[in-house]
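Chemist: So that we are looking at the same thing, I have put the structure below in structure tokens.
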Amino acid sequence: MYDGGKIIIGLIIGIGLFLSPFIYNAGSSAKAPDPQLTEKAKEAKVCVAPTRFMRESHFTMLDEWRHTAVRDGERYYKAADGKMYYKSLQVTCMDCHSDKTKFCDQCHTYLSVNPYCWDCHIAPEEKK
Amino acid sequence: MLDRALKGTTGYWSWLIFLLVLIGIGAGCYIYQYFEGLMITGLSRDVSWGLYIGQLTYFVGIAAGGVMVVLPYYLHDYKAFGRITILGEFLAIAAITMCLLFVFVDLGNPVRIMNVILYPTPNSILFWDMIVLNVYMLLNIVVGWNVLAAERKGIKYQKWVKFLAYVSIPWAFSIHTVTAFLYAGLPGRHFWLTAILAARFLSSAFCAGPALLILLCLIVRKVSNFDPGKEQIRTLGGIVAYAMILNVFFFLLECFTAFYSQIPGHMHAIEFLFHGLDGHGYLAPWMWTATGFAVVALVLLIVPATRRKEDTLAVACVSVIIATWIDKGLGLIVGGFTPTMFDTVTPYWPTTPEILITIGVLAVGFLVLTILYKVAVSIKEEAAA
Amino acid sequence: MGVDRREFLKIAGYATLFGLGGTAAIDILAPGELEASTTGIPLTQGKRWSMVIDMRKCLAQQDKKACEDCMLACHREHNVPDWGNPKHAIKWIWQDKYEHVFPDQPNEFIDEGVEGKPFILLCNHCYNPPCVRVCPTQATFKREQDGIVAMDMHRCIGCRFCMAACPYGSRSFNWGNPRKAPKNLNPDYPTNKAYPERSKGVVEKCNFCTELVAKGELPACVQACDKIKVHALNFGDLGDPASNVRELLQKHYSIRRKPALGTGPNVFYII
């Protein structure tokens, strides 16, 4: 091929750069996320929706909540077991999961997810 | 064809590097603004739009001005303009680029800009402004590029290109009318709440745009082997003359309504701009400078001898641009917000980071303009040879 | 070679479009998993919320002491920061003198009971709001069920078109991050941990305390005025002929700010 030498060198550099994070971290393992429930959460036993659903789609639910609460004025959510919850990340969710660092941030940090919710919504103060 | 922009003289490259430096400084200031918020500008609760939106308005006008070359050529068969339609179209592309960037740097939450598309709101004029500006840019890119490519190959461009060129003519009028509608429908802002605002916008666009185009043609003639043509520049001069007369006339009409009716709401903004209100007269020197340049421009444009001579015409064009830039790029916005809704005066002046960001955006526009013009001119130089 | 470079690029382009479009289509067309949320507790039952400000009572109170209770209550309830300078001020409910509140009614011989006196201003929650008309993302919208002009902070792009459109200057912009407001002026910020703050770059204004009204409570400013037994702020439903506000408006002459503009302001002043 034309300019074969330059192309091969370019490929090596490009693929090398692409693979560099893996090469850098090869052999080591990051600590798995370990979200811990607070006492209050353990006592409550159930969240507003099944754990599996929350793990997979809590962000979608929060999006639905904010849309219906802010725009449609529907501020209460009826869970599958009939219990009514006030739709609020700050007041409802964080009431049980009051330790953001030990719960929310565990998975978020591991997956490098930075939800901007906390720019406005106030995270509860944690005991150090 | 873009590769033609990679070959140039030292002067060409020095100009590009100069622009890139300005862009770099502007970008740095913008990053500062992105992290600190718009509080680094001179804007306030009472004057919430300023230099960025003023520049946006001005350059929509420049973009619309390109139609003053396209219209006579396509609708009236004025063959002479066929030589320079591409310059008008490429100027429009560069101007709209600047407009879109000015919107972006003015937003408080630019990462959410897709919300305007995700949640279409037909009752909002900003929604329509987004549509017409982007479509106009696309029209100019498609038409300009295809016509130029055809010229390079020595063939005639296809029929659909001509159809799009026809569409771009009323579309050019629409972009500046829609931009005027942003202001002209706001209750309470009496400086803007006037039916003639759209007409004022169009008339100032049609003198400023062609004036800039004349200056660019003179520069092109000087730095390259392509001569846009004496007849073309002369006709453009006539267009600038009529448009400037209309522009100044419309403004005087506003003054009559305001001062003959003696209604405070109508008078106060003009009083603030030209004289001062509540002790704040800092814009008066600017507005009277604009007036001075407008008078100079009118004299040089109306007197045939000075209009037909290219050096005096150039002075007239510079005067037109200065006058319209101060009037639209600064006076229009601050005048709309002053006096405030409480009948008080909150002074506004852009801060240094704000000015540097503005210069950065202007530099981006001129970079796009230079590159596109280099491509167009090099193809025309070849075609002539 | 079967496929030349041009063909290859075309195929690659179409494949990309198909792939992207396909995933998007699946997201849009697939049925949702969430249950529909219910109204549950009855929400605001008013059809047209409004406020009648009895300035006689307010001014009587102002004569006794420089009263700012309604403003402090509102700003505390909603975590409104104090930037310490009028340019960046965020005001949901505030005071200004009569001449600035009613500039469309100049009267150099107005009675001294009113001349230069501090009047209360807030968003008028107009019946025909120009701010809603101009918002390009519907971040500000008029709630159909009760007429409150609300803000969706998640959607606002910070274009400030609404601020240009509002004839009353009721809207404020977050020129900077509220959390970075001067600490000496905001010692216990955020003042209400049950209510969110705002980020920089969004517009905010009085929201008639939608979250309180939804629970059947009166707005914070009204509660504060009632607490000190002045009762100058009267919140009620204009759509109910038997409401407190309708009674007040029938009994007393009232004015509104700039009514000639056709915005239909829902804040009335009894002078």
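Every chain in the structure tokens has a letter given in the order shown (A, B, ...), and although residue numbers restart at 1 in each chain, ligands are simply numbered from 1 in the order shown.
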Quick one: which residues from chain B are at most 9 Å off chain C, using only C-alpha atoms, as a PyMOL selection string?

Modeler: chain B and resi 35-49+103+106-113+115-127+182-183+185-189+265+336-337+340-344+346

Chemist: So that each row is one residue of chain A with an atom at most 9 Å from chain C, can you give its shortest atom pair and the distance in Å to one decimal, using only C-alpha atoms, rows by chain and rising number, as a tab-separated table?

Modeler:
```
residue	atom	partner	partner_atom	distance
A:Thr60	CA	C:Leu34	CA	8.6
A:Met61	CA	C:Leu34	CA	7.0
A:Glu64	CA	C:Leu34	CA	8.3
A:Trp65	CA	C:Ser37	CA	8.2
A:Arg66	CA	C:His154	CA	8.5
A:His67	CA	C:Asp152	CA	8.7
A:Thr68	CA	C:Ser37	CA	7.9
A:Val70	CA	C:Asp152	CA	6.4
A:Arg71	CA	C:Asp152	CA	7.0
A:Asp72	CA	C:Arg143	CA	7.7
A:Gly73	CA	C:Leu43	CA	7.5
A:Glu74	CA	C:Thr39	CA	5.3
A:Arg75	CA	C:Thr39	CA	7.1
A:Tyr76	CA	C:Gly40	CA	5.9
A:Tyr77	CA	C:Ser37	CA	5.1
A:Lys78	CA	C:Ser37	CA	6.2
A:Ala79	CA	C:Glu35	CA	8.3
A:Ala80	CA	C:Glu35	CA	8.3
A:Met84	CA	C:Gly40	CA	7.4
A:Gln90	CA	C:Ala194	CA	6.5
A:Val91	CA	C:Ala194	CA	5.8
A:Asp119	CA	C:Ser199	CA	5.7
A:Cys120	CA	C:Glu197	CA	4.6
A:His121	CA	C:Pro196	CA	4.5
A:Ile122	CA	C:Pro196	CA	5.8
A:Ala123	CA	C:Lys193	CA	8.5
A:Pro124	CA	C:Lys193	CA	7.8
```

Chemist: Take the residues that were just selected and, keeping C-alpha atoms, output them as an mmCIF file, in the first residue's frame.

Modeler:
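Saved the output as out_26.cif:
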```cif
data_model
loop_
_atom_site.group_PDB
_atom_site.id
_atom_site.type_symbol
_atom_site.label_atom_id
_atom_site.label_comp_id
_atom_site.auth_asym_id
_atom_site.auth_seq_id
_atom_site.Cartn_x
_atom_site.Cartn_y
_atom_site.Cartn_z
ATOM 1 C CA THR A 60 -35.886 6.756 34.650
ATOM 2 C CA MET A 61 -38.259 6.756 37.588
ATOM 3 C CA GLU A 64 -40.816 10.468 35.404
ATOM 4 C CA TRP A 65 -41.260 11.798 38.915
ATOM 5 C CA ARG A 66 -39.809 15.162 38.166
ATOM 6 C CA HIS A 67 -41.839 15.503 35.007
ATOM 7 C CA THR A 68 -45.146 14.569 36.602
ATOM 8 C CA VAL A 70 -43.204 19.690 38.390
ATOM 9 C CA ARG A 71 -45.137 19.908 35.153
ATOM 10 C CA ASP A 72 -48.348 17.991 35.861
ATOM 11 C CA GLY A 73 -48.640 18.815 39.535
ATOM 12 C CA GLU A 74 -48.955 15.140 40.502
ATOM 13 C CA ARG A 75 -46.849 15.058 43.607
ATOM 14 C CA TYR A 76 -47.722 11.663 45.070
ATOM 15 C CA TYR A 77 -46.705 8.228 43.834
ATOM 16 C CA LYS A 78 -48.664 5.072 44.561
ATOM 17 C CA ALA A 79 -46.311 2.139 44.923
ATOM 18 C CA ALA A 80 -47.272 -1.424 43.926
ATOM 19 C CA MET A 84 -48.254 6.635 48.838
ATOM 20 C CA GLN A 90 -34.412 15.174 48.671
ATOM 21 C CA VAL A 91 -37.271 14.534 51.052
ATOM 22 C CA ASP A 119 -26.290 20.782 41.692
ATOM 23 C CA CYS A 120 -29.695 21.802 43.020
ATOM 24 C CA HIS A 121 -31.108 19.073 45.212
ATOM 25 C CA ILE A 122 -29.577 19.164 48.636
ATOM 26 C CA ALA A 123 -27.926 15.958 49.812
ATOM 27 C CA PRO A 124 -28.488 15.288 53.497
#
```

Chemist: Report the distance between CA of Gly19 (chain C) and CA of Arg6 (chain C) in Å, rounded to one decimal place.

Modeler: 20.0 Å

Chemist: What's around Trp49 (chain C) at 8 Å? Count only C-alpha atoms, leave out sequence neighbours fewer than 3 positions away in its own chain, and write the answer as a list in words.

Modeler: Gly46, Asp146, Gly147, Ile148, Phe235, Gly236, Asp237, Leu238, Gly239 and Asn266 of chain C

Chemist: Which residues come within 6 Å of Gly65 (chain B), counting only C-alpha atoms, excluding same-chain residues fewer than 3 positions away, as a ChimeraX atom specification?

Modeler: /B:62,68,205-206,209-210

Chemist: If you run DSSP over the backbone, which residues in chain A end up strand (DSSP E)? Put them as a PyMOL selection string.

Modeler: chain A and resi 76-78+84-86

Chemist: Please provide the set of residues having any atom within 9 Å of region 229-231 of chain B, restricted to only C-alpha atoms, with same-chain residues fewer than 2 positions apart removed, written as a list in words.

Modeler: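 Those residues are Ala80, Phe81, Arg83, Ile84, Cys217, Arg221, Phe226, Asp227, Ile233, Arg234, Thr235, Leu236 and Glu310 of chain B.
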
Chemist: Residues as selected, C-alpha atoms, written as an mmCIF file, in the first residue's frame, can you do that?

Modeler:
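Listed below is the output, again-v7.cif:
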```cif
data_model
loop_
_atom_site.group_PDB
_atom_site.id
_atom_site.type_symbol
_atom_site.label_atom_id
_atom_site.label_comp_id
_atom_site.auth_asym_id
_atom_site.auth_seq_id
_atom_site.Cartn_x
_atom_site.Cartn_y
_atom_site.Cartn_z
ATOM 1 C CA ALA B 80 -23.143 41.145 -13.656
ATOM 2 C CA PHE B 81 -23.870 39.956 -10.116
ATOM 3 C CA ARG B 83 -19.643 37.031 -10.606
ATOM 4 C CA ILE B 84 -20.094 37.723 -6.907
ATOM 5 C CA CYS B 217 -14.650 42.833 -2.695
ATOM 6 C CA ARG B 221 -9.249 42.568 -5.554
ATOM 7 C CA PHE B 226 -9.753 37.879 -8.972
ATOM 8 C CA ASP B 227 -11.474 41.181 -9.625
ATOM 9 C CA ILE B 233 -19.215 47.367 -6.816
ATOM 10 C CA ARG B 234 -20.894 50.388 -8.329
ATOM 11 C CA THR B 235 -24.323 48.746 -8.305
ATOM 12 C CA LEU B 236 -23.809 47.555 -4.753
ATOM 13 C CA GLU B 310 -14.237 53.543 -5.065
#
```

Chemist: May I ask which of the residues B:Leu51, B:Leu212, B:Val303, B:Ile357 is the closest one to Ala95 (chain B), counting only C-alpha atoms?

Modeler: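 Ranking B:Leu51, B:Leu212, B:Val303, B:Ile357 by distance to Ala95 (chain B), first place goes to B:Leu212.
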
Chemist: CA of Ile23 (chain B) to CA of Met287 (chain B): how many Å, to one decimal?

Modeler: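 Between these atoms lies a distance of 28.7 Å.
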
Chemist: Rank C:Ala224, C:Ile271, C:Ala242, C:Leu122 by their smallest atom-to-atom distance to Met51 (chain C), using only C-alpha atoms, and report the top residue only.

Modeler: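 For Met51 (chain C), the nearest of the candidates is C:Leu122.
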
Chemist: Determine, counting only C-alpha atoms, which protein, DNA and RNA residues have an atom within 10 Å of an atom of region 46-48 of chain A; residues of the same chain fewer than 5 positions away are not included. Present the result as a compact mmCIF listing (two decimals) with N, CA and C atoms, in the first residue's frame.

Modeler:
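Saved as result_36.txt:
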```
# COMPACT_ATOMS: atom_id res chain seq x y z
N ALA A 41 -33.36 2.43 56.27
CA ALA A 41 -33.69 1.74 55.02
C ALA A 41 -33.88 0.25 55.28
N PHE A 53 -35.75 -3.44 40.12
CA PHE A 53 -36.19 -2.37 39.24
C PHE A 53 -35.43 -1.08 39.55
N MET A 54 -35.27 -0.78 40.84
CA MET A 54 -34.60 0.45 41.23
C MET A 54 -33.16 0.44 40.75
N HIS A 58 -33.71 3.42 38.36
CA HIS A 58 -34.12 4.49 39.28
C HIS A 58 -34.03 5.87 38.63
N TYR A 77 -46.90 9.44 44.62
CA TYR A 77 -46.71 8.23 43.83
C TYR A 77 -47.26 7.05 44.61
N LYS A 78 -48.08 6.24 43.92
CA LYS A 78 -48.66 5.07 44.56
C LYS A 78 -47.82 3.86 44.19
N ALA A 79 -47.16 3.29 45.20
CA ALA A 79 -46.31 2.14 44.92
C ALA A 79 -47.17 0.90 44.66
N ALA A 80 -46.53 -0.20 44.26
CA ALA A 80 -47.27 -1.42 43.93
C ALA A 80 -48.03 -1.96 45.13
N ASP A 81 -47.47 -1.69 46.33
CA ASP A 81 -48.17 -2.22 47.53
C ASP A 81 -49.20 -1.24 48.06
N LYS A 83 -48.84 1.84 48.98
CA LYS A 83 -48.35 2.94 49.83
C LYS A 83 -48.12 4.19 48.99
N MET A 84 -48.42 5.36 49.55
CA MET A 84 -48.25 6.63 48.84
C MET A 84 -46.95 7.30 49.28
N TYR A 85 -46.19 7.75 48.28
CA TYR A 85 -44.94 8.43 48.57
C TYR A 85 -44.97 9.82 47.95
N LYS A 87 -43.30 12.58 45.94
CA LYS A 87 -42.24 12.45 44.94
C LYS A 87 -41.15 13.49 45.20
N THR A 92 -37.94 12.35 50.17
CA THR A 92 -38.39 10.97 50.29
C THR A 92 -37.23 10.00 50.16
N CYS A 93 -36.55 10.02 49.00
CA CYS A 93 -35.48 9.05 48.78
C CYS A 93 -34.38 9.21 49.83
N CYS A 96 -34.57 7.94 53.65
CA CYS A 96 -34.11 6.58 53.99
C CYS A 96 -32.64 6.39 53.65
N HIS A 97 -32.27 6.78 52.47
CA HIS A 97 -30.89 6.57 52.00
C HIS A 97 -30.09 7.82 52.33
```

Chemist: Could you check how far CA of Ala208 (chain B) sits from CA of Leu246 (chain B), in Å to one decimal?

Modeler: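 CA of Ala208 (chain B) sits 12.2 Å away from CA of Leu246 (chain B).
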
Chemist: Among chain A, which ones does DSSP assign to helix (DSSP H, G or I) (computed from the backbone)? Answer as a PyMOL selection string.

Modeler: chain A and resi 4-25+39-44+51-71+89-96+104-110+116-119

Chemist: So, with only C-alpha atoms as the atoms that count, which of B:Ile219, B:Tyr73, B:Ile155, B:Ala63 lies closest to Ser174 (chain B)?

Modeler: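 Between B:Ile219, B:Tyr73, B:Ile155, B:Ala63, the residue approaching Ser174 (chain B) most closely is B:Ala63.
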